[in-house]
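Below is work-v7.cif, holding mmCIF, C-alpha atoms.
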data_protein
#
loop_
_atom_site.label_atom_id
_atom_site.label_comp_id
_atom_site.auth_asym_id
_atom_site.auth_seq_id
_atom_site.Cartn_x
_atom_site.Cartn_y
_atom_site.Cartn_z
CA GLY R 6 14.68 10.40 -18.49
CA TRP R 7 14.49 7.20 -16.44
CA LYS R 8 15.70 3.62 -16.42
CA GLY R 9 15.83 0.64 -14.09
CA ALA R 10 18.04 0.49 -11.01
CA PRO R 11 21.12 -1.72 -11.54
CA SER R 12 20.65 -5.08 -9.79
CA GLY R 13 17.32 -3.83 -8.44
CA ASN R 14 14.82 -6.16 -6.77
CA ALA R 15 11.17 -5.48 -6.02
CA VAL R 16 7.72 -7.01 -5.77
CA PHE R 17 5.41 -5.28 -8.24
CA VAL R 18 1.73 -5.42 -7.27
CA THR R 19 -1.02 -4.39 -9.69
CA LYS R 20 -4.74 -5.10 -9.96
CA ASN R 21 -3.99 -8.03 -12.29
CA ASN R 22 -0.94 -9.74 -10.86
CA LYS R 23 1.92 -9.79 -8.37
CA THR R 24 5.27 -10.07 -10.11
CA VAL R 25 8.85 -10.28 -8.94
CA LEU R 26 11.16 -7.79 -10.61
CA ARG R 27 14.90 -8.40 -10.84
CA ASN R 28 17.19 -6.21 -12.92
CA ASN R 29 20.60 -7.17 -14.20
CA SER R 30 23.70 -5.15 -13.34
CA PHE R 31 22.87 -2.62 -16.10
CA GLY R 32 19.34 -1.95 -14.84
CA TYR R 33 17.42 -3.98 -17.42
CA ARG R 34 14.88 -6.72 -16.75
CA ASP R 35 17.18 -9.10 -18.55
CA VAL R 36 19.72 -11.84 -17.91
CA GLU R 37 23.39 -11.06 -17.32
CA HIS R 38 25.50 -11.23 -20.48
CA GLU R 39 29.12 -12.26 -20.63
CA GLU R 40 31.45 -10.22 -22.81
CA GLY R 41 32.77 -11.60 -26.05
CA THR R 42 30.03 -13.96 -27.20
CA GLU R 43 30.48 -15.56 -30.59
CA LYS R 44 26.73 -15.78 -31.10
CA GLU R 45 24.95 -13.30 -33.33
CA ILE R 46 23.05 -10.72 -31.29
CA ILE R 47 19.39 -9.72 -31.31
CA VAL R 48 18.54 -6.53 -29.40
CA PHE R 49 14.99 -5.73 -28.28
CA LEU R 50 13.91 -2.14 -27.68
CA GLY R 51 10.47 -1.32 -26.33
CA ASP R 52 8.20 -0.10 -23.58
CA SER R 53 6.14 -1.89 -20.93
CA PHE R 54 5.00 -4.66 -23.30
CA THR R 55 8.59 -5.70 -23.98
CA TRP R 56 9.61 -5.02 -20.37
CA GLY R 57 7.04 -7.62 -19.28
CA HIS R 58 4.42 -5.55 -17.48
CA GLU R 59 2.36 -7.72 -15.11
CA VAL R 60 3.92 -11.04 -16.16
CA GLN R 61 6.64 -13.12 -14.55
CA PHE R 62 10.16 -13.19 -15.98
CA ASP R 63 9.82 -16.56 -17.70
CA GLU R 64 6.44 -15.50 -19.19
CA MET R 65 7.89 -12.49 -21.03
CA PHE R 66 7.82 -12.95 -24.81
CA VAL R 67 11.49 -11.96 -25.08
CA ASN R 68 12.47 -14.76 -22.71
CA ILE R 69 10.25 -17.27 -24.52
CA LEU R 70 12.13 -16.29 -27.68
CA ARG R 71 15.43 -16.68 -25.84
CA ASP R 72 14.63 -20.38 -25.47
CA LYS R 73 13.36 -20.74 -29.04
CA LEU R 74 16.33 -18.88 -30.56
CA SER R 75 19.14 -20.24 -28.41
CA GLN R 76 21.60 -19.77 -31.29
CA TYR R 77 21.38 -16.00 -30.68
CA GLU R 78 22.44 -13.82 -27.75
CA ILE R 79 19.26 -11.86 -26.98
CA PHE R 80 19.37 -8.53 -25.15
CA ASN R 81 16.25 -6.90 -23.71
CA LEU R 82 16.98 -3.16 -23.37
CA SER R 83 13.37 -2.09 -22.87
CA HIS R 84 11.81 -0.15 -20.04
CA ARG R 85 8.22 0.75 -19.27
CA GLY R 86 7.16 4.19 -20.37
CA HIS R 87 9.91 4.62 -22.96
CA GLY R 88 9.03 6.06 -26.35
CA THR R 89 11.01 5.55 -29.54
CA ASP R 90 13.21 8.54 -28.68
CA GLN R 91 14.35 7.05 -25.36
CA GLN R 92 14.82 3.70 -27.10
CA LEU R 93 17.15 5.37 -29.59
CA LEU R 94 19.10 6.90 -26.70
CA THR R 95 19.29 3.46 -25.07
CA LEU R 96 20.72 1.87 -28.20
CA LYS R 97 23.27 4.65 -28.68
CA ARG R 98 24.53 4.12 -25.13
CA TRP R 99 24.62 0.33 -25.43
CA HIS R 100 28.05 -1.08 -26.21
CA TYR R 101 28.75 -4.78 -26.44
CA GLY R 102 31.28 -6.70 -28.45
CA GLY R 103 29.77 -9.12 -30.90
CA PRO R 104 28.02 -9.33 -34.28
CA VAL R 105 24.54 -7.76 -34.31
CA LYS R 106 21.96 -9.63 -36.39
CA LEU R 107 18.81 -7.65 -35.61
CA VAL R 108 17.66 -4.62 -33.67
CA ILE R 109 13.95 -5.22 -33.01
CA LEU R 110 11.91 -2.16 -32.11
CA MET R 111 8.53 -2.92 -30.54
CA PHE R 112 6.28 0.05 -31.42
CA SER R 113 3.13 0.96 -29.48
CA GLU R 114 0.26 3.20 -30.56
CA ASN R 115 1.16 5.92 -28.05
CA ASP R 116 4.79 6.17 -29.21
CA PHE R 117 3.96 8.89 -31.74
CA GLY R 118 2.76 11.07 -28.86
CA ASP R 119 5.66 10.06 -26.61
CA ASN R 120 8.17 11.14 -29.25
CA ASN R 121 6.48 14.53 -29.48
CA SER R 122 6.60 15.32 -25.77
CA ILE R 123 9.01 16.52 -23.08
CA PHE R 124 6.84 15.14 -20.28
CA ARG R 125 5.22 11.72 -20.14
CA TYR R 126 3.66 9.44 -17.51
CA GLY R 127 4.29 12.01 -14.80
CA LYS R 128 8.00 12.29 -15.63
CA PRO R 129 10.07 14.85 -17.54
CA LYS R 130 12.05 13.41 -20.45
CA PRO R 131 14.45 14.43 -23.22
CA LYS R 132 13.05 15.15 -26.66
CA TYR R 133 14.50 15.12 -30.15
CA GLU R 134 13.96 18.08 -32.46
CA PHE R 135 14.94 18.28 -36.12
CA TYR R 136 17.40 21.14 -36.74
CA ASN R 137 19.15 21.72 -40.07
CA ASN R 138 18.40 18.20 -41.32
CA LYS R 139 19.60 16.37 -38.23
CA LEU R 140 18.24 15.23 -34.88
CA VAL R 141 19.19 17.35 -31.89
CA LEU R 142 18.44 16.34 -28.31
CA THR R 143 16.59 18.99 -26.27
CA ASN R 144 15.25 19.38 -22.71
CA ILE R 145 18.59 18.24 -21.27
CA PRO R 146 19.65 17.98 -18.58
CA VAL R 147 16.23 16.57 -17.78
CA PRO R 148 14.58 18.45 -14.86
CA LYS R 149 14.53 16.34 -11.71
CA ALA R 150 11.10 15.65 -10.27
CA LYS R 151 10.93 16.10 -6.49
CA GLU R 152 9.40 12.69 -5.92
CA TRP R 153 12.45 11.05 -7.52
CA GLU R 154 14.63 12.08 -4.58
CA LYS R 155 12.99 9.49 -2.33
CA GLY R 156 12.53 6.85 -5.00
CA ASP R 157 9.79 4.26 -5.25
CA SER R 158 9.33 1.54 -2.68
CA ALA R 159 7.90 -1.89 -3.36
CA ASP R 160 4.35 -2.27 -2.10
CA SER R 161 3.34 -5.77 -1.11
CA LYS R 162 -0.23 -4.72 -0.22
CA LYS R 163 -3.19 -4.86 -2.57
CA PRO R 164 -3.86 -1.46 -4.16
CA SER R 165 -6.66 0.59 -2.55
CA LEU R 166 -9.76 1.75 -4.42
CA SER R 167 -8.26 5.23 -4.84
CA ASP R 168 -5.06 3.67 -6.20
CA ARG R 169 -7.09 1.69 -8.73
CA VAL R 170 -9.00 4.77 -9.87
CA LYS R 171 -5.75 6.74 -10.16
CA TRP R 172 -4.17 3.89 -12.14
CA LEU R 173 -7.09 3.77 -14.59
CA ILE R 174 -6.89 7.53 -15.11
CA LEU R 175 -3.14 7.39 -15.70
CA GLN R 176 -3.64 4.61 -18.27
CA SER R 177 -5.96 6.79 -20.33
CA HIS R 178 -4.38 7.79 -23.65
CA PHE R 179 -6.74 10.79 -23.74
CA VAL R 180 -5.49 12.05 -20.35
CA HIS R 181 -1.87 11.50 -21.44
CA ASP R 182 -2.37 13.45 -24.65
CA ILE R 183 -4.11 16.37 -22.95
CA SER R 184 -1.53 16.54 -20.14
CA PHE R 185 1.55 16.55 -22.35
CA ARG R 186 0.01 19.18 -24.64
CA ILE R 187 -0.64 21.46 -21.66
CA ILE R 188 2.81 20.89 -20.14
CA ASN R 189 4.61 21.29 -23.46
CA SER R 190 2.70 24.50 -24.13
CA LYS R 191 3.84 25.84 -20.76
CA PHE R 192 7.48 25.04 -21.52
CA PHE R 193 7.27 26.60 -24.99
CA LYS R 194 5.82 29.82 -23.57
CA THR R 195 8.65 30.15 -21.07
CA GLY R 196 11.20 29.78 -23.84
CA ARG R 197 12.78 26.57 -22.53
CA ILE R 198 12.41 24.93 -25.94
CA MET R 199 12.39 26.50 -29.38
CA ARG R 200 11.06 24.42 -32.28
CA LYS R 201 12.75 24.77 -35.65
CA ASN R 202 12.59 22.85 -38.92
CA THR R 203 9.92 20.46 -37.64
CA GLN R 204 6.26 19.94 -38.47
CA GLU R 205 3.61 21.17 -36.05
CA GLY R 206 0.33 19.41 -35.42
CA ASP R 207 1.17 16.04 -36.98
CA GLY R 208 0.96 14.11 -33.72
CA GLY R 209 4.64 13.20 -33.74
CA VAL R 210 4.71 11.44 -37.12
CA PHE R 211 7.47 13.60 -38.62
CA ILE R 212 9.86 13.37 -35.66
CA THR R 213 9.14 9.64 -35.29
CA LYS R 214 10.21 9.13 -38.90
CA GLN R 215 13.51 10.89 -38.24
CA ILE R 216 14.09 8.80 -35.10
CA LEU R 217 13.38 5.56 -36.98
CA LYS R 218 15.81 6.62 -39.69
CA GLU R 219 18.49 7.15 -37.03
CA LEU R 220 17.72 3.75 -35.49
CA ARG R 221 18.01 2.13 -38.92
CA ASP R 222 21.39 3.75 -39.51
CA ASP R 223 22.66 2.75 -36.06
CA ALA R 224 21.66 -0.87 -36.69
CA ILE R 225 23.44 -0.83 -40.06
CA GLU R 226 26.59 0.60 -38.47
CA ARG R 227 26.57 -2.44 -36.17
CA ASN R 228 26.30 -4.66 -39.27
CA GLY R 229 22.70 -5.53 -38.46
CA LYS R 230 19.18 -4.66 -39.61
CA LEU R 231 16.28 -2.87 -37.98
CA LEU R 232 12.95 -4.67 -37.67
CA VAL R 233 9.96 -2.62 -36.49
CA ILE R 234 7.10 -4.62 -34.98
CA ALA R 235 3.73 -2.95 -34.37
CA ILE R 236 1.89 -3.83 -31.15
CA PRO R 237 -1.90 -3.75 -31.63
CA SER R 238 -3.97 -1.94 -29.03
CA LYS R 239 -6.42 -3.87 -26.89
CA GLU R 240 -9.29 -1.91 -28.43
CA GLN R 241 -8.16 -2.86 -31.91
CA ILE R 242 -8.13 -6.57 -31.11
CA LEU R 243 -11.51 -6.37 -29.37
CA GLN R 244 -12.74 -4.33 -32.37
CA LYS R 245 -14.06 -1.39 -30.44
CA GLY R 246 -13.11 2.15 -29.50
CA HIS R 247 -11.70 3.36 -32.86
CA GLY R 248 -14.74 5.31 -33.97
CA GLY R 249 -14.01 4.65 -37.64
CA HIS R 250 -10.43 5.96 -37.48
CA ALA R 251 -7.71 4.04 -39.30
CA PRO R 252 -5.34 2.06 -37.07
CA TYR R 253 -2.01 3.70 -36.33
CA GLN R 254 -0.18 0.87 -38.11
CA LEU R 255 -1.00 2.42 -41.49
CA LYS R 256 1.16 5.46 -40.69
CA LEU R 257 3.91 3.33 -39.20
CA GLU R 258 4.03 0.93 -42.15
CA GLU R 259 4.18 3.84 -44.58
CA ILE R 260 7.16 5.30 -42.71
CA CYS R 261 8.98 1.96 -42.67
CA LYS R 262 8.42 1.42 -46.39
CA SER R 263 9.74 4.89 -47.21
CA LEU R 264 12.90 4.19 -45.15
CA ASP R 265 13.37 0.61 -46.38
CA ILE R 266 12.92 -0.75 -42.84
CA ASP R 267 11.61 -4.27 -42.28
CA TYR R 268 8.14 -4.15 -40.74
CA MET R 269 5.75 -6.58 -39.05
CA ASP R 270 2.28 -6.11 -37.59
CA LEU R 271 1.23 -8.43 -34.74
CA ALA R 272 -2.49 -7.62 -35.15
CA PRO R 273 -3.34 -10.55 -37.47
CA ASP R 274 -1.80 -13.08 -35.07
CA PHE R 275 -3.63 -11.60 -32.09
CA LYS R 276 -6.95 -11.51 -33.92
CA LYS R 277 -6.58 -15.24 -34.66
CA ALA R 278 -5.75 -16.13 -31.04
CA PHE R 279 -8.26 -18.48 -29.44
CA PHE R 280 -7.93 -17.30 -25.82
CA ARG R 281 -7.91 -13.82 -24.30
CA THR R 282 -4.52 -12.18 -24.94
CA TYR R 283 -4.94 -9.01 -22.84
CA TYR R 284 -5.76 -8.69 -19.17
CA ARG R 285 -9.40 -7.83 -18.53
CA LEU R 286 -8.29 -4.70 -16.69
CA GLY R 287 -5.70 -2.43 -18.23
CA MET R 288 -4.02 -2.42 -21.62
CA HIS R 289 -1.29 -5.08 -21.40
CA TRP R 290 -0.83 -8.66 -22.55
CA ASN R 291 -1.36 -11.56 -20.19
CA ASN R 292 0.94 -14.59 -20.29
CA TYR R 293 -0.98 -16.07 -23.23
CA GLY R 294 -0.63 -12.82 -25.16
CA ASN R 295 3.13 -12.97 -24.58
CA ARG R 296 3.16 -16.50 -26.03
CA VAL R 297 1.23 -15.35 -29.10
CA ALA R 298 3.73 -12.53 -29.64
CA ALA R 299 6.70 -14.86 -29.17
CA ASN R 300 5.40 -17.39 -31.69
CA ALA R 301 4.63 -14.70 -34.28
CA ILE R 302 8.04 -13.05 -33.95
CA TYR R 303 9.79 -16.41 -33.99
CA ASN R 304 8.08 -17.36 -37.27
CA CYS R 305 8.99 -13.99 -38.79
CA ILE R 306 12.67 -14.30 -37.84
CA LYS R 307 12.92 -17.87 -39.06
CA LYS R 308 11.26 -17.01 -42.38
CA GLU R 309 12.75 -13.60 -43.17
CA PHE R 310 16.14 -13.53 -41.45
#

Would you mind writing the file out in structure tokens?
Amino acid sequence: GWKGAPSGNAVFVTKNNKTVLRNNSFGYRDVEHEEGTEKEIIVFLGDSFTWGHEVQFDEMFVNILRDKLSQYEIFNLSHRGHGTDQQLLTLKRWHYGGPVKLVILMFSENDFGDNNSIFRYGKPKPKYEFYNNKLVLTNIPVPKAKEWEKGDSADSKKPSLSDRVKWLILQSHFVHDISFRIINSKFFKTGRIMRKNTQEGDGGVFITKQILKELRDDAIERNGKLLVIAIPSKEQILQKGHGGHAPYQLKLEEICKSLDIDYMDLAPDFKKAFFRTYYRLGMHWNNYGNRVAANAIYNCIKKEF
């Protein structure tokens, strides 16, 4: 669906921060990696949290871990807006010589919905379906959005009031869920996608389980292991907005246990944090939240792996 521009540079201005973005030659917000390392490899897959939304490069939790775990070669293959399906595609297309120790998948609450959609965050995307007991990629080639032809330009000005309102609307999980249901329904009616051998109305749980199974198998083929880490929502940490519903981690942990996948939940560490870990506006971690995540993941790796 989308990825970063190779060797891209930009200034990214939001209501919370002004960050400098620099991609490596493969289009990831990561360091350059030399071929043929003898170090064991840790690969991170994720969305905007792992990509480092609204924090500087050296404040990203992956890069804090890079310093703490210098005995490993750490790859950050994440990109903002990616669901687990696009993360699986990223891993399948990633080829690097060297022994893989861990593939770490950072899972967000909205990933169940992302994996169940052909359109997300204003962009069309591929989607996995489950046909005859195997994953099949659909909605390819991905339709090209007209606005992609011009590309995005870096904006060094402060966002206007209308931009802020638009941003807040686009960050709404409710708006995302309604929009992708409407768009998907339109595509299904026109016959562009036919669903078979999958479960309807489960919010993406069934297809997410199949994707996680494929990720597990890919990690094993590379002589490594898959570790799934759940990212708590801001509302969960602030203890509001759930309306009595169980946190999404219960479903995710159940899936991981059934597939014998290592699992970790960051919620306990964030609930114990002394300072604010999320920006006051928006849904993402601030630099302190990135440090909390880095310390928790570091302790897990040192203890369990």

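Residue nearest Leu82 of chain R, chosen from R:Val210, R:Met111, R:Ile236, R:Val16 and counting only C-alpha atoms: R:Met111.
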
Exercise. Applied to this file, what does the PyMOL selection byres ((chain R and resi 117) around 8) return in terms of residues, put as a list of chain:residue names?
Worked result: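 What the PyMOL selection byres ((chain R and resi 117) around 8) grabs from the file is R:Gly88, R:Glu114, R:Asn115, R:Asp116, R:Gly118, R:Asp119, R:Asn120, R:Asn121, R:Gly208, R:Gly209, R:Val210, R:Thr213.
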
Take the residues from that selection and put them in a file with C-alpha atoms, as an mmCIF file, in the coordinates of the input.
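Just written: result-v1.cif:
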data_model
loop_
_atom_site.group_PDB
_atom_site.id
_atom_site.type_symbol
_atom_site.label_atom_id
_atom_site.label_comp_id
_atom_site.auth_asym_id
_atom_site.auth_seq_id
_atom_site.Cartn_x
_atom_site.Cartn_y
_atom_site.Cartn_z
ATOM 1 C CA GLY R 88 9.030 6.060 -26.350
ATOM 2 C CA GLU R 114 0.260 3.200 -30.560
ATOM 3 C CA ASN R 115 1.160 5.920 -28.050
ATOM 4 C CA ASP R 116 4.790 6.170 -29.210
ATOM 5 C CA GLY R 118 2.760 11.070 -28.860
ATOM 6 C CA ASP R 119 5.660 10.060 -26.610
ATOM 7 C CA ASN R 120 8.170 11.140 -29.250
ATOM 8 C CA ASN R 121 6.480 14.530 -29.480
ATOM 9 C CA GLY R 208 0.960 14.110 -33.720
ATOM 10 C CA GLY R 209 4.640 13.200 -33.740
ATOM 11 C CA VAL R 210 4.710 11.440 -37.120
ATOM 12 C CA THR R 213 9.140 9.640 -35.290
#

Problem set entry | Matched chain/residue IDs from the PyMOL selection byres ((chain R and resi 223-234) around 9), as a ChimeraX atom specification | /R:46-47,93,96-97,104-113,217-222,235-236,257-258,261,266-271,302

For this session: Choose the residue, out of R:Leu70, R:Val36, R:Arg27, R:Pro237, that has the smallest atom-to-atom separation from Cys305 of chain R; count all atoms listed in the file.
Result: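 Checking each candidate against Cys305 of chain R, we get R:Leu70 as the closest.
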
Exercise. Atom CA of Lys149 of chain R and atom CA of Pro11 of chain R are how many Å apart?
Worked result: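 These atoms are spaced 19.2 Å apart.
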
Seminar exercise, completed: From the list R:Tyr33, R:Tyr101, R:Tyr284, R:Tyr253, the nearest residue to Lys20 of chain R using only C-alpha atoms is R:Tyr284

Problem set entry | Polymer residues at most 9 Å from segment 292-295 of chain R, all atoms listed in the file, same-chain spacing of 3 or more positions, as a PyMOL selection string | chain R and resi 54+57+59-61+64-67+69+275+278+280-284+289+298-300

Exercise. Using only C-alpha atoms, which residue out of R:Trp7, R:Trp290, R:Ala150, R:Ser53 lies closest to Leu94 of chain R?
Worked result: R:Trp7

Problem set entry | Separation of atom CA of Phe310 of chain R from atom CA of Ile242 of chain R, in Å and rounded to one decimal |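 Distance between the two atoms: 27.3 Å.
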